[in-house]
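Pasting structure_13.pdb here (PDB, C-alpha atoms):
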```pdb
ATOM      1  CA  GLY A  82       0.000   0.000   0.000  1.00  0.00           C
ATOM      2  CA  ILE A  83       0.830   3.659  -0.075  1.00  0.00           C
ATOM      3  CA  PHE A  84       1.870   5.607   2.995  1.00  0.00           C
ATOM      4  CA  VAL A  85       2.209   9.370   3.273  1.00  0.00           C
ATOM      5  CA  LEU A  86       4.673  11.577   5.078  1.00  0.00           C
ATOM      6  CA  ASN A  87       2.337  14.533   5.475  1.00  0.00           C
ATOM      7  CA  THR A  88       3.983  17.944   5.614  1.00  0.00           C
ATOM      8  CA  VAL A  89       2.110  20.213   8.001  1.00  0.00           C
ATOM      9  CA  TYR A  90       4.414  23.201   8.510  1.00  0.00           C
ATOM     10  CA  VAL A  91       6.940  24.837   6.171  1.00  0.00           C
ATOM     11  CA  ASN A  92       6.386  28.593   6.203  1.00  0.00           C
ATOM     12  CA  ALA A  93       7.127  30.898   9.134  1.00  0.00           C
ATOM     13  CA  ALA A  94       4.470  33.297   7.818  1.00  0.00           C
ATOM     14  CA  ASP A  95       1.914  30.753   9.047  1.00  0.00           C
ATOM     15  CA  SER A  96       1.038  30.480  12.693  1.00  0.00           C
ATOM     16  CA  ILE A  97       2.315  27.352  14.401  1.00  0.00           C
ATOM     17  CA  ASP A  98      -1.296  26.724  15.353  1.00  0.00           C
ATOM     18  CA  SER A  99      -2.046  26.210  11.643  1.00  0.00           C
ATOM     19  CA  VAL A 100      -0.750  22.656  12.010  1.00  0.00           C
ATOM     20  CA  VAL A 101      -3.822  21.753  14.057  1.00  0.00           C
ATOM     21  CA  GLU A 102      -6.254  22.207  11.173  1.00  0.00           C
ATOM     22  CA  ARG A 103      -3.874  20.577   8.678  1.00  0.00           C
ATOM     23  CA  MET A 104      -3.436  17.562  10.908  1.00  0.00           C
ATOM     24  CA  THR A 105      -7.012  17.076  12.041  1.00  0.00           C
ATOM     25  CA  ALA A 106      -8.193  17.162   8.419  1.00  0.00           C
ATOM     26  CA  VAL A 107      -6.328  13.902   7.705  1.00  0.00           C
ATOM     27  CA  MET A 108      -5.121  12.403  10.968  1.00  0.00           C
ATOM     28  CA  ASP A 109      -7.702   9.617  10.992  1.00  0.00           C
ATOM     29  CA  HIS A 110      -6.679   8.436   7.534  1.00  0.00           C
ATOM     30  CA  PRO A 111      -4.732   5.165   7.732  1.00  0.00           C
ATOM     31  CA  VAL A 112      -2.126   6.125   5.100  1.00  0.00           C
ATOM     32  CA  VAL A 113      -0.593   8.920   7.213  1.00  0.00           C
ATOM     33  CA  LEU A 114       2.687   7.393   8.344  1.00  0.00           C
ATOM     34  CA  MET A 115       4.240  10.469   9.957  1.00  0.00           C
ATOM     35  CA  TRP A 116       4.119  14.246  10.108  1.00  0.00           C
ATOM     36  CA  VAL A 117       6.782  16.453   8.519  1.00  0.00           C
ATOM     37  CA  VAL A 118       7.824  19.872   9.782  1.00  0.00           C
ATOM     38  CA  GLY A 119      10.061  21.959   7.546  1.00  0.00           C
ATOM     39  CA  ASN A 120      11.638  21.456   4.145  1.00  0.00           C
ATOM     40  CA  GLU A 121      15.252  22.560   3.740  1.00  0.00           C
ATOM     41  CA  TRP A 122      14.575  25.108   6.464  1.00  0.00           C
ATOM     42  CA  ASN A 123      18.307  25.476   7.005  1.00  0.00           C
ATOM     43  CA  TYR A 124      18.544  26.930   3.473  1.00  0.00           C
ATOM     44  CA  ASN A 125      15.292  28.867   3.197  1.00  0.00           C
ATOM     45  CA  GLY A 126      14.687  29.938   6.801  1.00  0.00           C
ATOM     46  CA  PHE A 127      11.158  28.553   6.643  1.00  0.00           C
ATOM     47  CA  TYR A 128      10.627  30.609   3.459  1.00  0.00           C
ATOM     48  CA  GLN A 129      11.001  33.811   5.479  1.00  0.00           C
ATOM     49  CA  LYS A 130      14.808  33.985   5.486  1.00  0.00           C
ATOM     50  CA  LEU A 131      15.080  33.244   9.199  1.00  0.00           C
ATOM     51  CA  GLU A 132      18.603  32.872  10.526  1.00  0.00           C
ATOM     52  CA  LEU A 133      19.554  29.305  11.446  1.00  0.00           C
ATOM     53  CA  GLU A 134      19.112  29.859  15.195  1.00  0.00           C
ATOM     54  CA  ALA A 135      15.604  31.233  14.715  1.00  0.00           C
ATOM     55  CA  ALA A 136      14.726  28.462  12.241  1.00  0.00           C
ATOM     56  CA  ARG A 137      15.866  25.792  14.699  1.00  0.00           C
ATOM     57  CA  GLY A 138      13.724  27.321  17.428  1.00  0.00           C
ATOM     58  CA  LEU A 139      10.714  27.515  15.131  1.00  0.00           C
ATOM     59  CA  LEU A 140      11.201  23.892  14.075  1.00  0.00           C
ATOM     60  CA  ARG A 141      11.309  22.780  17.688  1.00  0.00           C
ATOM     61  CA  ASP A 142       8.178  24.787  18.577  1.00  0.00           C
ATOM     62  CA  ALA A 143       6.265  23.499  15.549  1.00  0.00           C
ATOM     63  CA  ALA A 144       7.276  19.901  16.267  1.00  0.00           C
ATOM     64  CA  ARG A 145       6.083  20.270  19.854  1.00  0.00           C
ATOM     65  CA  LYS A 146       2.735  21.571  18.606  1.00  0.00           C
ATOM     66  CA  VAL A 147       2.465  18.587  16.246  1.00  0.00           C
ATOM     67  CA  ARG A 148       3.244  16.197  19.091  1.00  0.00           C
ATOM     68  CA  SER A 149       0.554  17.827  21.252  1.00  0.00           C
ATOM     69  CA  VAL A 150      -2.035  17.088  18.561  1.00  0.00           C
ATOM     70  CA  ASP A 151      -0.901  13.538  17.720  1.00  0.00           C
ATOM     71  CA  SER A 152       1.548  11.673  19.916  1.00  0.00           C
ATOM     72  CA  THR A 153       0.983   8.372  18.093  1.00  0.00           C
ATOM     73  CA  ARG A 154       2.907   9.143  14.896  1.00  0.00           C
ATOM     74  CA  PRO A 155       6.559  10.057  14.392  1.00  0.00           C
ATOM     75  CA  ILE A 156       7.635  13.554  13.428  1.00  0.00           C
ATOM     76  CA  ALA A 157      10.186  14.072  10.676  1.00  0.00           C
ATOM     77  CA  THR A 158      11.996  17.121   9.408  1.00  0.00           C
ATOM     78  CA  VAL A 159      13.649  17.555   6.028  1.00  0.00           C
ATOM     79  CA  PHE A 160      17.085  19.148   6.120  1.00  0.00           C
ATOM     80  CA  GLY A 161      19.107  20.417   3.189  1.00  0.00           C
ATOM     81  CA  SER A 162      22.189  18.202   3.200  1.00  0.00           C
ATOM     82  CA  MET A 163      23.706  17.157   6.565  1.00  0.00           C
ATOM     83  CA  PRO A 164      22.897  18.860   9.887  1.00  0.00           C
ATOM     84  CA  ASP A 165      25.715  19.687  12.245  1.00  0.00           C
ATOM     85  CA  ALA A 166      26.001  18.237  15.750  1.00  0.00           C
ATOM     86  CA  ALA A 167      24.719  21.440  17.380  1.00  0.00           C
ATOM     87  CA  THR A 168      21.531  21.370  15.308  1.00  0.00           C
ATOM     88  CA  VAL A 169      20.882  17.691  16.027  1.00  0.00           C
ATOM     89  CA  GLN A 170      21.431  18.252  19.748  1.00  0.00           C
ATOM     90  CA  PHE A 171      19.250  21.372  19.816  1.00  0.00           C
ATOM     91  CA  ILE A 172      16.331  19.579  18.147  1.00  0.00           C
ATOM     92  CA  GLY A 173      16.813  16.506  20.336  1.00  0.00           C
ATOM     93  CA  ASP A 174      13.716  14.393  20.852  1.00  0.00           C
ATOM     94  CA  ASP A 175      11.351  16.881  19.246  1.00  0.00           C
ATOM     95  CA  VAL A 176      12.019  15.162  15.900  1.00  0.00           C
ATOM     96  CA  ASP A 177      11.952  11.377  15.560  1.00  0.00           C
ATOM     97  CA  ILE A 178      13.499  10.975  12.126  1.00  0.00           C
ATOM     98  CA  TRP A 179      15.542  13.192   9.814  1.00  0.00           C
ATOM     99  CA  GLY A 180      15.026  13.450   6.070  1.00  0.00           C
ATOM    100  CA  LEU A 181      18.064  14.582   4.114  1.00  0.00           C
ATOM    101  CA  ASN A 182      17.935  16.246   0.709  1.00  0.00           C
ATOM    102  CA  GLN A 183      21.232  15.214  -0.807  1.00  0.00           C
ATOM    103  CA  TYR A 184      22.479  16.445  -4.174  1.00  0.00           C
ATOM    104  CA  ASP A 185      26.069  15.281  -4.283  1.00  0.00           C
ATOM    105  CA  GLU A 186      26.390  14.190  -7.858  1.00  0.00           C
ATOM    106  CA  LEU A 187      26.811  10.514  -8.618  1.00  0.00           C
ATOM    107  CA  SER A 188      27.243   8.765  -5.279  1.00  0.00           C
ATOM    108  CA  PHE A 189      26.260   8.897  -1.637  1.00  0.00           C
ATOM    109  CA  GLY A 190      29.910   9.613  -0.773  1.00  0.00           C
ATOM    110  CA  PRO A 191      30.438   9.700   2.993  1.00  0.00           C
ATOM    111  CA  LEU A 192      26.740  10.416   3.707  1.00  0.00           C
ATOM    112  CA  PHE A 193      26.060   7.390   5.894  1.00  0.00           C
ATOM    113  CA  ASP A 194      29.388   7.575   7.722  1.00  0.00           C
ATOM    114  CA  ASN A 195      28.825  11.263   8.414  1.00  0.00           C
ATOM    115  CA  TRP A 196      25.343  10.572   9.766  1.00  0.00           C
ATOM    116  CA  ALA A 197      26.715   7.868  12.052  1.00  0.00           C
ATOM    117  CA  LYS A 198      29.196  10.379  13.518  1.00  0.00           C
ATOM    118  CA  LEU A 199      26.433  12.740  14.678  1.00  0.00           C
ATOM    119  CA  PRO A 200      25.402  12.645  18.346  1.00  0.00           C
ATOM    120  CA  THR A 201      22.077  10.933  17.684  1.00  0.00           C
ATOM    121  CA  ALA A 202      20.558   7.491  17.416  1.00  0.00           C
ATOM    122  CA  LYS A 203      17.690   8.869  15.329  1.00  0.00           C
ATOM    123  CA  PRO A 204      17.167   7.308  11.922  1.00  0.00           C
ATOM    124  CA  MET A 205      17.423   9.258   8.705  1.00  0.00           C
ATOM    125  CA  PHE A 206      15.995   8.766   5.247  1.00  0.00           C
ATOM    126  CA  LEU A 207      16.853  10.276   1.900  1.00  0.00           C
ATOM    127  CA  SER A 208      13.997  12.646   1.198  1.00  0.00           C
ATOM    128  CA  GLU A 209      15.591  13.806  -2.069  1.00  0.00           C
ATOM    129  CA  TYR A 210      18.664  12.553  -3.875  1.00  0.00           C
ATOM    130  CA  GLY A 211      20.356  13.182  -7.165  1.00  0.00           C
ATOM    131  CA  ALA A 212      22.428  15.590  -9.164  1.00  0.00           C
ATOM    132  CA  ASP A 213      21.221  19.138  -9.591  1.00  0.00           C
ATOM    133  CA  ALA A 214      19.936  20.023 -13.028  1.00  0.00           C
ATOM    134  CA  PHE A 215      20.568  23.678 -12.239  1.00  0.00           C
ATOM    135  CA  ASN A 216      24.069  25.034 -11.714  1.00  0.00           C
ATOM    136  CA  SER A 217      23.633  27.680  -9.027  1.00  0.00           C
ATOM    137  CA  LYS A 218      27.208  28.905  -9.488  1.00  0.00           C
ATOM    138  CA  ASP A 219      26.551  29.738 -13.140  1.00  0.00           C
ATOM    139  CA  GLY A 220      22.891  30.630 -12.612  1.00  0.00           C
ATOM    140  CA  LYS A 221      21.634  28.399 -15.408  1.00  0.00           C
ATOM    141  CA  PRO A 222      20.636  24.804 -16.199  1.00  0.00           C
ATOM    142  CA  ASP A 223      23.480  22.310 -16.574  1.00  0.00           C
ATOM    143  CA  GLU A 224      22.178  19.735 -19.014  1.00  0.00           C
ATOM    144  CA  ALA A 225      25.610  18.145 -19.532  1.00  0.00           C
ATOM    145  CA  ALA A 226      25.987  17.364 -15.813  1.00  0.00           C
ATOM    146  CA  GLN A 227      22.413  16.083 -15.650  1.00  0.00           C
ATOM    147  CA  ALA A 228      23.072  13.799 -18.648  1.00  0.00           C
ATOM    148  CA  VAL A 229      26.073  12.271 -16.880  1.00  0.00           C
ATOM    149  CA  ALA A 230      24.077  11.784 -13.668  1.00  0.00           C
ATOM    150  CA  THR A 231      21.201  10.034 -15.411  1.00  0.00           C
ATOM    151  CA  LYS A 232      23.317   7.907 -17.733  1.00  0.00           C
TER     152      LYS A 232
END
```

Rewrite the structure from the file as structure tokens, please.
Amino acid sequence: GIFVLNTVYVNAADSIDSVVERMTAVMDHPVVLMWVVGNEWNYNGFYQKLELEAARGLLRDAARKVRSVDSTRPIATVFGSMPDAATVQFIGDDVDIWGLNQYDELSFGPLFDNWAKLPTAKPMFLSEYGADAFNSKDGKPDEAAQAVATK
């Protein structure tokens, strides 16, 4: 069957209380596997350009609100690349599982070893993986690199 990781909070412009309505609309559906708070919030500052410290605090507060509404399902967050030890420790038990968006070309490289070195026993999953089709350094698509990655 199909299971869903349902994202309930990604934008700091929304009240943290907005998760309540988003969750209660679907929380009785059997395909909801877990709740997700944040998507690459370390890059986008919850789409409001929050500094990392503020974004971490907002993530923790939003995750606590989610847990207060449904303590039966895990809470995940999606991080752009690999969090540092300070971020993992700050979030602590407010998140049960970490999703990593990893765009490191053609291999996982040291991804799993680096995760194992962090001060956490929490599991992680690859929420996105691949090679970027857009070269942010040049500010344009990189079709040659994408062709190599998908060969």

Quiz item: On this structure, which residues satisfy the PyMOL selection byres ((chain A and resi 145-151) around 12), written as number ranges by chain?
Solution: A: 87-90, 96-109, 113-118, 138-144, 152-158, 172-177

Box along x, y and z, 4 Å on every side, all listed atoms of stretch 170-180 of chain A inside: centre and edge lengths in Å to one decimal, as lines of an AutoDock Vina configuration file.
```
center_x = 16.4
center_y = 16.2
center_z = 13.5
size_x = 18.1
size_y = 18.4
size_z = 22.8
```

Quiz prompt | Point (22.1, 13.8, -15.0) neighbourhood (10 Å, all atoms listed in the file) written as a list in words | solution =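 Counting all atoms listed in the file, I find these residues within 10 Å of (22.1, 13.8, -15.0): Glu186, Leu187, Gly211, Ala212, Asp213, Ala214, Asp223, Glu224, Ala225, Ala226, Gln227, Ala228, Val229, Ala230, Thr231 and Lys232 of chain A.
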
Exercise. Go through A:Ala136, A:Ser208, A:Gly161, A:Asp185 one by one, measure the shortest atom-to-atom distance of each to A:Leu86 using only C-alpha atoms, and give the residue with the smallest value.
Key: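 Looking only at the distances to A:Leu86, the closest residue turns out to be A:Ser208.
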
Can you spell out as an mmCIF file with C-alpha atoms, keeping the file's coordinate frame the set of residues that the PyMOL selection byres ((chain A and resi 180) around 9) selects in the structure I just provided?
```
data_model
loop_
_atom_site.group_PDB
_atom_site.id
_atom_site.type_symbol
_atom_site.label_atom_id
_atom_site.label_comp_id
_atom_site.auth_asym_id
_atom_site.auth_seq_id
_atom_site.Cartn_x
_atom_site.Cartn_y
_atom_site.Cartn_z
ATOM 1 C CA ASN A 120 11.638 21.456 4.145
ATOM 2 C CA ALA A 157 10.186 14.072 10.676
ATOM 3 C CA THR A 158 11.996 17.121 9.408
ATOM 4 C CA VAL A 159 13.649 17.555 6.028
ATOM 5 C CA PHE A 160 17.085 19.148 6.120
ATOM 6 C CA GLY A 161 19.107 20.417 3.189
ATOM 7 C CA ILE A 178 13.499 10.975 12.126
ATOM 8 C CA TRP A 179 15.542 13.192 9.814
ATOM 9 C CA LEU A 181 18.064 14.582 4.114
ATOM 10 C CA ASN A 182 17.935 16.246 0.709
ATOM 11 C CA PRO A 204 17.167 7.308 11.922
ATOM 12 C CA MET A 205 17.423 9.258 8.705
ATOM 13 C CA PHE A 206 15.995 8.766 5.247
ATOM 14 C CA LEU A 207 16.853 10.276 1.900
ATOM 15 C CA SER A 208 13.997 12.646 1.198
ATOM 16 C CA GLU A 209 15.591 13.806 -2.069
#
```

Exercise. Have a look at atom CA of A:Glu121 and atom CA of A:Ser162 and let me know their distance in Å, one decimal.
Key: 8.2 Å

Quiz item: At what distance in Å, to one decimal, does atom CA of A:Gln129 lie from atom CA of A:Asn92?
Solution: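 Atom CA of A:Gln129 lies at a distance of 7.0 Å from atom CA of A:Asn92.
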
Self-check item: For A:Asp194, the nearest of the candidates A:Met163, A:Val91, A:Val112, A:Val169, counting all atoms listed in the file
Solution: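 Nearest candidate to A:Asp194 out of A:Met163, A:Val91, A:Val112, A:Val169: A:Met163.
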
Self-check item: Nearest residue to A:Trp196 from the set A:Lys221, A:Val85, A:Pro164, A:Gly119 (distances using only C-alpha atoms)
Solution: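 When distances to A:Trp196 are compared using only C-alpha atoms, the smallest one comes from A:Pro164.
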
Practice problem: Could you please determine the separation between atom CA of A:Gly220 and atom CA of A:Asn125 in Å, to one decimal place? | Solution: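 Interatomic distance here is 17.6 Å.
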